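Structure first, commentary second.
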2 protein chains.
Amino acid sequence: MHVVLPDGKPLELPPHATGAEIPRAIGPGLAKAALGVEVDGRLSDLLSEVPEGAKVKVLTKKDPQVVTLMRHTLAHVMAQAVTEYFVQQGFDARQVRMGVGPVIEDGFYYDFDLPRTLTPDDLGAIEQIMRRIVADDLPLRKYALPRRQALARFEERGDPYKVELIQDLPEAEAITFYEQGGAEGFTDLCRGPHVPRTGAISPHFKLMSVAGAYWRGDERRPMLQRIYGVAFRSADELEHHLWLLEEAKKRDHRKLGRELGLFTLSEDIGAGLPIFFPRGEIVRYEMERYVRELQTSYGYQHVWTGHMVRESLYARSGHLENYAEVMFPAMEDEEVRMRLKPMNCPSHMTLFNAEHHSYRELPLRYAEFATLYRYEKSGQLSGLTRVRSLTQDDCHIFCTEEQVQEEFALALRLIQEVLSTYRLTDYRVQLSLRGEEGKYVDDDEKWVKATDALRRALDAEDVPYDEVSGEAAFYGPKADFMARDALGREWQLSTIQVDFIQPARLDCGYIGEDGDRHTPVVLHRAVTGSTERFMGVMLEHFAGDLPLWLAPEQVRIVPIADRHLGYAGELRQRLLDAGLRTETDDRSERMNAKVRDAELLKVPYIAILGDKEAGAGSVSFRSRKEDDRNGVPVAAFVEHLVSAVRERRAEVAPLAASAA
Amino acid sequence: MHVVLPDGKPLELPPHATGAEIPRAIGPGLAKAALGVEVDGRLSDLLSEVPEGAKVKVLTKKDPQVVTLMRHTLAHVMAQAVTEYFVQQGFDARQVRMGVGPVIEDGFYYDFDLPRTLTPDDLGAIEQIMRRIVADDLPLRKYALPRRQALARFEERGDPYKVELIQDLPEAEAITFYEQGGAEGFTDLCRGPHVPRTGAISPHFKLMSVAGAYWRGDERRPMLQRIYGVAFRSADELEHHLWLLEEAKKRDHRKLGRELGLFTLSEDIGAGLPIFFPRGEIVRYEMERYVRELQTSYGYQHVWTGHMVRESLYARSGHLENYAEVMFPAMEDEEVRMRLKPMNCPSHMTLFNAEHHSYRELPLRYAEFATLYRYEKSGQLSGLTRVRSLTQDDCHIFCTEEQVQEEFALALRLIQEVLSTYRLTDYRVQLSLRGEEGKYVDDDEKWVKATDALRRALDAEDVPYDEVSGEAAFYGPKADFMARDALGREWQLSTIQVDFIQPARLDCGYIGEDGDRHTPVVLHRAVTGSTERFMGVMLEHFAGDLPLWLAPEQVRIVPIADRHLGYAGELRQRLLDAGLRTETDDRSERMNAKVRDAELLKVPYIAILGDKEAGAGSVSFRSRKEDDRNGVPVAAFVEHLVSAVRERRAEVAPLAASAA
């Protein structure tokens, strides 16, 4: 047989050659360095047979893909270590049963059915055994078994999970195993790919946590114990990853929300329904006010359509059919069935339909900050980022087909401006298209038209994008903006969607230049997505240090002694008159205690007032936004902050020295 | 027997004397002029027996109360006329059956079960017959019948309504009748009081309308036809009343809402759920922004608690028991029962409970513009004034018992400031107290305490008030502000309520100066009531001519010819930069047509731009707020409007002549 090398040259191999034969045929250096192989663009290993005529590339530790092989083998190494650990403790190896153990982003996991619950201490011991197995440099071997024999092996062992996995495999499929350390070592039902020996695994791995996980994700099936691990090729990568995790923990918006007094979740109110303290309400309000002002200046108009709609409207729009599972249950009485709004489109279209429209009025852009209610599964709820009440900065643009591209471009510029204000400069666009499944409205011509319009608009604006099938809304394709936060995590925030379907269903119309009635196209558009989620993301993005214009309290006044309270009152009034949110700490505490308390709340400016300041009419400030300064005249201080707020600057430029 | 006259002198009367004997005993002039009598401060008539020793006062046509006697007799006269009218048309008198015919504000009505449906034309004919009966000057007579005989009379006539009314009367009560024009005239089951003869009725009456009304207000019982009439003592009063009705019709906010493009109601959305066009949304937003700004400056803090709550919270607060009939049906799933919020108090108390509080933090004032949902009966819904979705400008003030009076005073000042901004200067306060019925929480000491606190606070602020029993909230007494609009109609808008009950039920607490845990008092407070209802009231109060700061479009720019479009664009940008809402009418219509269209939308300022204005950089305006002006420099024009908006002036002071 032969394969083709990256440079296009053929390479002769013995019949039924495995990946290992390729580097061996090239040279002994490469044979030693090889960790895996790419076959026709897909990751494979040295232990698997190579198909005749495949394009192949040998992978060594300098190739990033090999980390996937390492992670996969680490899952097996962990399973071997867990078994050994429990046997050490006097359990029978058969009492250690396993579910699945896949590779995930940054690492791997394995689900275990164990005779007792694991503690974090156990993880350290298991990791030690894993390091020994890696040091032992056990060779891996791949082999196949006939189905009956494969089943018998696990039935004999009394292992229901693997038996079920094999039973679910297609009859025709070869049932393959990977063995490490020979028959005395560890063997697992597995499709691969793996590194050729445990010694090829990088030492930069770590077991992270153990958590409950239902077998096959089904809450009616047994709960297994899932151990998570991470692994990288270099110490730097591992260290960076651990730093990011640590940083993410510090920035966890649920923690910050509590510490900064922003919001809370309460069993009394209900799952997934955050409620906001005064400080959090200010952040919400300012976020929405910003988008509102910008939308107004971009020619959007704001409407108000409440929170409830007759179910019959959703039957007509198609939501009842396609979206019922995320809607709250109906409120039913003798008259009608009512539903909480899971989205605004049918309401905005009803508003549109309540007046006659001419082509001269188009585009008509209806925006609303409406709280929508979606019945997310309780297990998926998390802080502000997965909620059941979400206040979308929603907009529906009614336009002609010819206007789609221009309106898309306008929405795009608005989104870019907002993301830039929030220092979200690293984002990509994902164009979500119709998939094969049934939820998509069946009108090929309209789908093609809508998809082409979006592609054209993106191309015209020079915005690069990826296309993904099966992620579209039921009424049309959409462009989603995936923005990276300060920790490099990606969030789906803004969206622009084309809808050729609902306006026709809800009988929207306008009189065209030709005097006939036409159906408008509707663009659905959200900028920050929802206030709640965006606030959660921003808290983590800024690590709680919100831009000055968003900070619930912008200035904390700290009089050093009671005799400075009068001057503090004057300064407070100056700041309030200038529209700045400010509090005075008039407690009889020591200055340092007052400063510390303000710092815990991450108040951006702490104005410290003593004899010198009171005498000179000045302010000395400590700031989280710029260098601390002493003796700044009050007028300069106020104007400095006001201009940063007015321009909604995420960072504050240092006060010019001349101002002091 | 004897009675006591207003001057305290006794008057001797024959035994079992009726009211008519009193003026007769005083003198023949008064005997002729007398229309009724006041007995122990209550209105009575000349036909009823006077109790021994009663304080009496003879009423003549100069006493305003006598209009009530006239209205009551007019109801009987109408019943007689309707009977005669149908007999004229060949029906049997027995086919005209009657329900009840009471006096109401400004007039009277009677409910009829008739052989056919009445038209407005019928009303004219019936009114003519009534005028003849009045001219006939028929004497009235009152008499009593034993219960069995009274029942027999109506059973014989086949009249189920009067039979039912008699059956519902207490066994002991005398069953009285009023007869006019002898046995050939008209007799009705009635308690009175009436004028002594039909000729005593003022001619200033008018039949207004006919409408369906269920027997006893029960939609499962027969629908009767209710004829409404109005009656006054003088032609001026009747004329003024008819003018007010005409004016109210012109000002009907449902009509204005449509004409000005503010809001709509849609069957697709649901009954009582108004939705707002862009122009209406601006009015909503500005109304709420105003109260928000004011609240912030008064030391209120804003919170956000969404629109939904677990039903169990309302079980604890007591709302489920006392308020269930106005709540929307529950949304029920496997987990819990959820309810739309009909009020914010339990949510704000939950928010309060989520943090620890010290007496130093009190008073804590949580305000929220939350849309609440109340299941008003569909028959009672009307435009914006009776809705199912209402956005309250709600606040809950957590304070100590000692702070109640001061907080009440603060809330009062805030309310007075807002009402004055809206030119609602004529209002009274109604103190609503606990009634006898069962819905009131049973804790006498707390009720007394709360009621006393409110009385003390009102007295301290020198606010006069009336006390009304049985109108309190289930958790405590309240002070309601009843404001008169420009047409003199009274609206219940602001409210301040004391609550000693709910905070304890929901276990609210703070640590007092003594180190112990105490339960705060909570004041519930709304300023405008709800945005929707207040907007409806304001539209009628201002007849659609909203104050400049509230107008959805503040300036309409009308370029006279296309060559003025450039200058129009410059002016528009100046106005937008100054924060003024403005549109340019760039259609190729004649100037007068453009001005007329702007006037239809009641745009406060129309800036007309021609050659002269473009050359001089000036504006000529037509205004609904002040005299029209020509050639005003743009800067002066902009500053003139900006200052009126900034100060939220309901009227705009004329621009100083020097500015032109």
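FYI, nothing fancy with the structure tokens labels: chains A, B, ... in order, residues from 1 per chain, ligands from 1 as they appear.
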
12 Å contact set for Tyr567 in chain B, only C-alpha atoms, chain neighbours under 3 positions out, as a PyMOL selection string: chain B and resi 557-564+570-574+584+586+607-619+634

Check: which chain A residues lie within 9 Å of chain B using only C-alpha atoms, as a PyMOL selection string: chain A and resi 261+263-270+273-282+284+297+301-313+328-333+336+338+347+350-352+354-355+366-367+371+389+576

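Neighbours of Val645 in chain A closer than or equal to 10 Å, with only C-alpha atoms counted and sequence neighbours fewer than 6 positions away skipped, come out as A:Pro547, A:Leu548, A:Trp549, A:Leu550, A:Ala551, A:Gln554, A:Gly579, A:Leu580, A:Glu639, A:Val652.
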
With a distance cut-off of 10 Å and only C-alpha atoms, select the neighbouring residues of range 28-34 of chain B, excluding the residue or stretch itself and same-chain residues fewer than 5 positions from it, and output the selection as a PyMOL selection string. chain B and resi 19-23+45-46+58-62+66+195-196+200

Create the file for the chosen residues now, containing C-alpha atoms and written as a JSON list (two decimals), in the first residue's frame.
```json
[["chain", "number", "residue", "atom", "x", "y", "z"],
["B", 19, "GLY", "CA", -93.15, 66.59, 56.61],
["B", 20, "ALA", "CA", -95.84, 68.73, 54.92],
["B", 21, "GLU", "CA", -97.23, 69.67, 58.32],
["B", 22, "ILE", "CA", -94.03, 71.52, 59.26],
["B", 23, "PRO", "CA", -94.15, 74.42, 56.75],
["B", 45, "ASP", "CA", -89.74, 64.53, 51.98],
["B", 46, "LEU", "CA", -93.04, 66.19, 52.75],
["B", 58, "VAL", "CA", -87.74, 72.96, 55.52],
["B", 59, "LEU", "CA", -86.14, 72.89, 52.03],
["B", 60, "THR", "CA", -87.18, 75.10, 49.13],
["B", 61, "LYS", "CA", -85.80, 75.36, 45.61],
["B", 62, "LYS", "CA", -82.88, 77.52, 46.81],
["B", 66, "VAL", "CA", -83.76, 69.42, 46.60],
["B", 195, "VAL", "CA", -90.91, 66.13, 45.72],
["B", 196, "PRO", "CA", -94.62, 66.49, 46.67],
["B", 200, "ALA", "CA", -92.16, 70.87, 41.50]]
```

Can you pull out every residue from range 371-409 of chain A that DSSP, working from the backbone, puts in strand (DSSP E or B), and format the result as a PyMOL selection string? chain A and resi 371-373+382+386+389-399

Just the selected residues (C-alpha atoms), exported as a compact mmCIF listing (two decimals), in the first residue's frame, please.
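Saved file again.txt follows:
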```txt
# COMPACT_ATOMS: atom_id res chain seq x y z
CA THR A 371 -38.24 42.02 30.02
CA LEU A 372 -38.88 38.67 28.40
CA TYR A 373 -39.53 35.44 30.24
CA SER A 382 -26.62 30.59 36.65
CA ARG A 386 -28.52 32.10 32.43
CA SER A 389 -36.11 36.98 33.08
CA LEU A 390 -34.10 38.80 30.46
CA THR A 391 -34.44 42.41 29.44
CA GLN A 392 -33.53 42.47 25.77
CA ASP A 393 -32.42 45.62 24.00
CA ASP A 394 -34.58 44.44 21.20
CA CYS A 395 -35.39 46.09 17.89
CA HIS A 396 -37.47 45.17 14.88
CA ILE A 397 -36.74 47.02 11.69
CA PHE A 398 -39.56 46.99 9.14
CA CYS A 399 -38.07 47.64 5.71
```

Two-atom distance - CA of Glu540 in chain B, CA of Lys625 in chain B (Å):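 Separating CA of Glu540 in chain B from CA of Lys625 in chain B is a distance of 17.0 Å.
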
Residues within 9 Å of Met78 in chain A, please, as a list in words. Count only C-alpha atoms; anything in the same chain fewer than 5 positions from it doesn't count. Thr73, Thr83, Tyr109, Tyr110, Ile126, Glu127, Ile129, Met130 and Ile227 of chain A

Dump of C-alpha atoms for the selected residues, as a JSON list (two decimals), in the first residue's frame:
```json
[["chain", "number", "residue", "atom", "x", "y", "z"],
["A", 73, "THR", "CA", -4.76, 9.05, 26.93],
["A", 83, "THR", "CA", -8.96, 1.58, 39.78],
["A", 109, "TYR", "CA", -12.96, 13.95, 32.15],
["A", 110, "TYR", "CA", -14.11, 10.47, 33.06],
["A", 126, "ILE", "CA", -5.08, 9.79, 42.12],
["A", 127, "GLU", "CA", -2.99, 12.41, 40.35],
["A", 129, "ILE", "CA", -0.65, 7.51, 40.71],
["A", 130, "MET", "CA", -1.25, 9.01, 37.27],
["A", 227, "ILE", "CA", -13.44, 13.85, 37.54]]
```

Nearest to Gly529 in chain A: which of A:Ser494, A:Asp252, A:Glu436, A:Asp628 is it, counting only C-alpha atoms?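 For Gly529 in chain A, the nearest of the candidates is A:Ser494.
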
Rounded to one decimal in Å, what is the spacing between CA of Glu513 in chain A and CA of Leu364 in chain A? 16.1 Å

Those in range 152-200 of chain A with helix (DSSP H, G or I) from DSSP, as an MDAnalysis selection string: chainID A and resid 152:157 160:168 198:200

Deliver the residues from the most recent selection as a file, using all heavy atoms, as a compact mmCIF listing (two decimals), in the first residue's frame.
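File produced: selection_21.txt:
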```txt
# COMPACT_ATOMS: atom_id res chain seq x y z
N ALA A 152 -19.34 -9.82 26.21
CA ALA A 152 -19.10 -10.83 27.24
C ALA A 152 -18.09 -10.32 28.27
O ALA A 152 -18.25 -10.52 29.47
CB ALA A 152 -18.59 -12.13 26.59
N ARG A 153 -17.06 -9.60 27.75
CA ARG A 153 -16.03 -9.12 28.64
C ARG A 153 -16.60 -8.23 29.75
O ARG A 153 -16.24 -8.36 30.92
CB ARG A 153 -14.99 -8.35 27.83
CG ARG A 153 -14.11 -7.46 28.68
CD ARG A 153 -13.14 -6.68 27.85
NE ARG A 153 -12.10 -7.57 27.35
CZ ARG A 153 -10.89 -7.15 26.96
NH1 ARG A 153 -10.61 -5.85 27.03
NH2 ARG A 153 -10.01 -7.97 26.51
N PHE A 154 -17.53 -7.33 29.37
CA PHE A 154 -18.06 -6.39 30.37
C PHE A 154 -19.20 -7.00 31.17
O PHE A 154 -19.39 -6.68 32.34
CB PHE A 154 -18.49 -5.09 29.69
CG PHE A 154 -17.32 -4.28 29.20
CD1 PHE A 154 -17.05 -4.15 27.84
CD2 PHE A 154 -16.46 -3.68 30.13
CE1 PHE A 154 -15.96 -3.43 27.40
CE2 PHE A 154 -15.37 -2.95 29.68
CZ PHE A 154 -15.11 -2.82 28.31
N GLU A 155 -19.97 -7.92 30.52
CA GLU A 155 -21.05 -8.57 31.25
C GLU A 155 -20.46 -9.38 32.40
O GLU A 155 -20.95 -9.36 33.52
CB GLU A 155 -21.86 -9.49 30.33
CG GLU A 155 -22.90 -8.70 29.53
CD GLU A 155 -23.40 -9.46 28.30
OE1 GLU A 155 -22.94 -10.61 28.08
OE2 GLU A 155 -24.25 -8.90 27.57
N GLU A 156 -19.39 -10.06 32.08
CA GLU A 156 -18.69 -10.89 33.06
C GLU A 156 -18.22 -10.03 34.25
O GLU A 156 -18.30 -10.42 35.41
CB GLU A 156 -17.47 -11.47 32.34
CG GLU A 156 -16.73 -12.55 33.04
CD GLU A 156 -15.55 -12.96 32.15
OE1 GLU A 156 -15.80 -13.35 30.98
OE2 GLU A 156 -14.40 -12.83 32.60
N ARG A 157 -17.75 -8.85 33.91
CA ARG A 157 -17.24 -7.94 34.92
C ARG A 157 -18.38 -7.25 35.70
O ARG A 157 -18.13 -6.52 36.66
CB ARG A 157 -16.39 -6.87 34.20
CG ARG A 157 -15.28 -6.27 35.04
CD ARG A 157 -14.46 -5.28 34.23
NE ARG A 157 -13.50 -4.62 35.09
CZ ARG A 157 -13.72 -3.48 35.73
NH1 ARG A 157 -14.88 -2.88 35.61
NH2 ARG A 157 -12.77 -2.95 36.51
N PRO A 160 -22.53 -2.44 33.72
CA PRO A 160 -23.69 -2.16 32.86
C PRO A 160 -23.44 -1.03 31.88
O PRO A 160 -24.07 -0.98 30.82
CB PRO A 160 -24.77 -1.76 33.86
CG PRO A 160 -24.02 -1.17 35.02
CD PRO A 160 -22.72 -1.93 35.09
N TYR A 161 -22.52 -0.11 32.21
CA TYR A 161 -22.35 1.08 31.37
C TYR A 161 -21.72 0.74 30.04
O TYR A 161 -22.21 1.11 28.97
CB TYR A 161 -21.53 2.15 32.11
CG TYR A 161 -22.11 2.43 33.48
CD1 TYR A 161 -21.45 2.01 34.64
CD2 TYR A 161 -23.34 3.07 33.61
CE1 TYR A 161 -22.00 2.25 35.89
CE2 TYR A 161 -23.89 3.31 34.85
CZ TYR A 161 -23.21 2.90 36.01
OH TYR A 161 -23.76 3.12 37.22
N LYS A 162 -20.59 0.01 30.09
CA LYS A 162 -19.90 -0.33 28.84
C LYS A 162 -20.77 -1.26 28.00
O LYS A 162 -20.77 -1.17 26.76
CB LYS A 162 -18.55 -0.99 29.15
CG LYS A 162 -17.58 -0.10 29.93
CD LYS A 162 -17.03 1.04 29.09
CE LYS A 162 -16.04 1.89 29.90
NZ LYS A 162 -15.62 3.10 29.21
N VAL A 163 -21.51 -2.15 28.68
CA VAL A 163 -22.41 -3.04 27.95
C VAL A 163 -23.40 -2.20 27.14
O VAL A 163 -23.61 -2.44 25.94
CB VAL A 163 -23.15 -3.98 28.93
CG1 VAL A 163 -24.30 -4.69 28.23
CG2 VAL A 163 -22.17 -4.99 29.53
N GLU A 164 -23.96 -1.20 27.80
CA GLU A 164 -24.95 -0.35 27.13
C GLU A 164 -24.32 0.41 25.96
O GLU A 164 -24.92 0.55 24.89
CB GLU A 164 -25.54 0.63 28.16
CG GLU A 164 -26.69 1.44 27.60
CD GLU A 164 -27.32 2.36 28.64
OE1 GLU A 164 -27.34 1.99 29.84
OE2 GLU A 164 -27.78 3.46 28.25
N LEU A 165 -23.07 0.88 26.17
CA LEU A 165 -22.39 1.61 25.10
C LEU A 165 -22.18 0.73 23.88
O LEU A 165 -22.39 1.16 22.74
CB LEU A 165 -21.03 2.14 25.59
CG LEU A 165 -21.08 3.28 26.62
CD1 LEU A 165 -19.68 3.61 27.12
CD2 LEU A 165 -21.74 4.53 26.01
N ILE A 166 -21.76 -0.52 24.13
CA ILE A 166 -21.53 -1.45 23.01
C ILE A 166 -22.85 -1.75 22.31
O ILE A 166 -22.92 -1.75 21.07
CB ILE A 166 -20.86 -2.76 23.50
CG1 ILE A 166 -19.44 -2.46 24.01
CG2 ILE A 166 -20.82 -3.80 22.37
CD1 ILE A 166 -18.78 -3.63 24.71
N GLN A 167 -23.92 -1.95 23.10
CA GLN A 167 -25.21 -2.27 22.50
C GLN A 167 -25.70 -1.13 21.60
O GLN A 167 -26.41 -1.36 20.63
CB GLN A 167 -26.25 -2.54 23.59
CG GLN A 167 -26.12 -3.97 24.13
CD GLN A 167 -26.88 -4.17 25.44
OE1 GLN A 167 -27.20 -3.18 26.11
NE2 GLN A 167 -27.14 -5.42 25.80
N ASP A 168 -25.30 0.07 21.91
CA ASP A 168 -25.74 1.21 21.11
C ASP A 168 -24.90 1.41 19.85
O ASP A 168 -25.26 2.21 18.99
CB ASP A 168 -25.69 2.50 21.95
CG ASP A 168 -26.87 2.56 22.91
OD1 ASP A 168 -27.69 1.63 22.89
OD2 ASP A 168 -26.95 3.54 23.68
N THR A 198 2.39 5.98 27.45
CA THR A 198 2.03 6.95 28.49
C THR A 198 3.16 7.95 28.73
O THR A 198 2.90 9.09 29.13
CB THR A 198 1.66 6.25 29.82
OG1 THR A 198 2.79 5.48 30.27
CG2 THR A 198 0.46 5.34 29.63
N GLY A 199 4.39 7.56 28.45
CA GLY A 199 5.52 8.47 28.64
C GLY A 199 5.50 9.65 27.70
O GLY A 199 6.21 10.63 27.91
N ALA A 200 4.67 9.59 26.64
CA ALA A 200 4.59 10.70 25.68
C ALA A 200 3.70 11.82 26.20
O ALA A 200 3.59 12.88 25.58
CB ALA A 200 4.07 10.19 24.34
```

For Ala54 in chain A, work out the shell of residues within 7 Å, counting only C-alpha atoms and skipping chain neighbours fewer than 3 positions away, then give it as a list of chain:residue names.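 Here the qualifying residues turn out to be A:Val3, A:Val4, A:Val39, A:Asp40, A:Pro51.
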
Generate a file of the selected residues that holds N, CA and C atoms, formatted as a PDB file, in the first residue's frame.
```
ATOM      1  N   VAL A   3       0.831   5.739   0.939  1.00  0.00           N
ATOM      2  CA  VAL A   3       0.152   6.962   1.397  1.00  0.00           C
ATOM      3  C   VAL A   3       0.845   8.150   0.741  1.00  0.00           C
ATOM      4  N   VAL A   4       0.250   9.358   0.924  1.00  0.00           N
ATOM      5  CA  VAL A   4       0.825  10.545   0.294  1.00  0.00           C
ATOM      6  C   VAL A   4       1.303  11.502   1.388  1.00  0.00           C
ATOM      7  N   VAL A  39      -4.512  12.100   9.226  1.00  0.00           N
ATOM      8  CA  VAL A  39      -4.880  11.281   8.071  1.00  0.00           C
ATOM      9  C   VAL A  39      -6.046  11.961   7.355  1.00  0.00           C
ATOM     10  N   ASP A  40      -5.772  12.391   6.121  1.00  0.00           N
ATOM     11  CA  ASP A  40      -6.800  13.115   5.361  1.00  0.00           C
ATOM     12  C   ASP A  40      -7.388  14.266   6.183  1.00  0.00           C
ATOM     13  N   PRO A  51      -5.597   4.148   5.936  1.00  0.00           N
ATOM     14  CA  PRO A  51      -6.251   3.695   4.700  1.00  0.00           C
ATOM     15  C   PRO A  51      -5.352   3.929   3.481  1.00  0.00           C
TER      16      PRO A  51
END
```

Give me, as a count of residues only, all polymer residues having an atom no more than 10 Å from Leu294 in chain A, counting only C-alpha atoms and skipping those fewer than 6 positions away in the same chain. 5
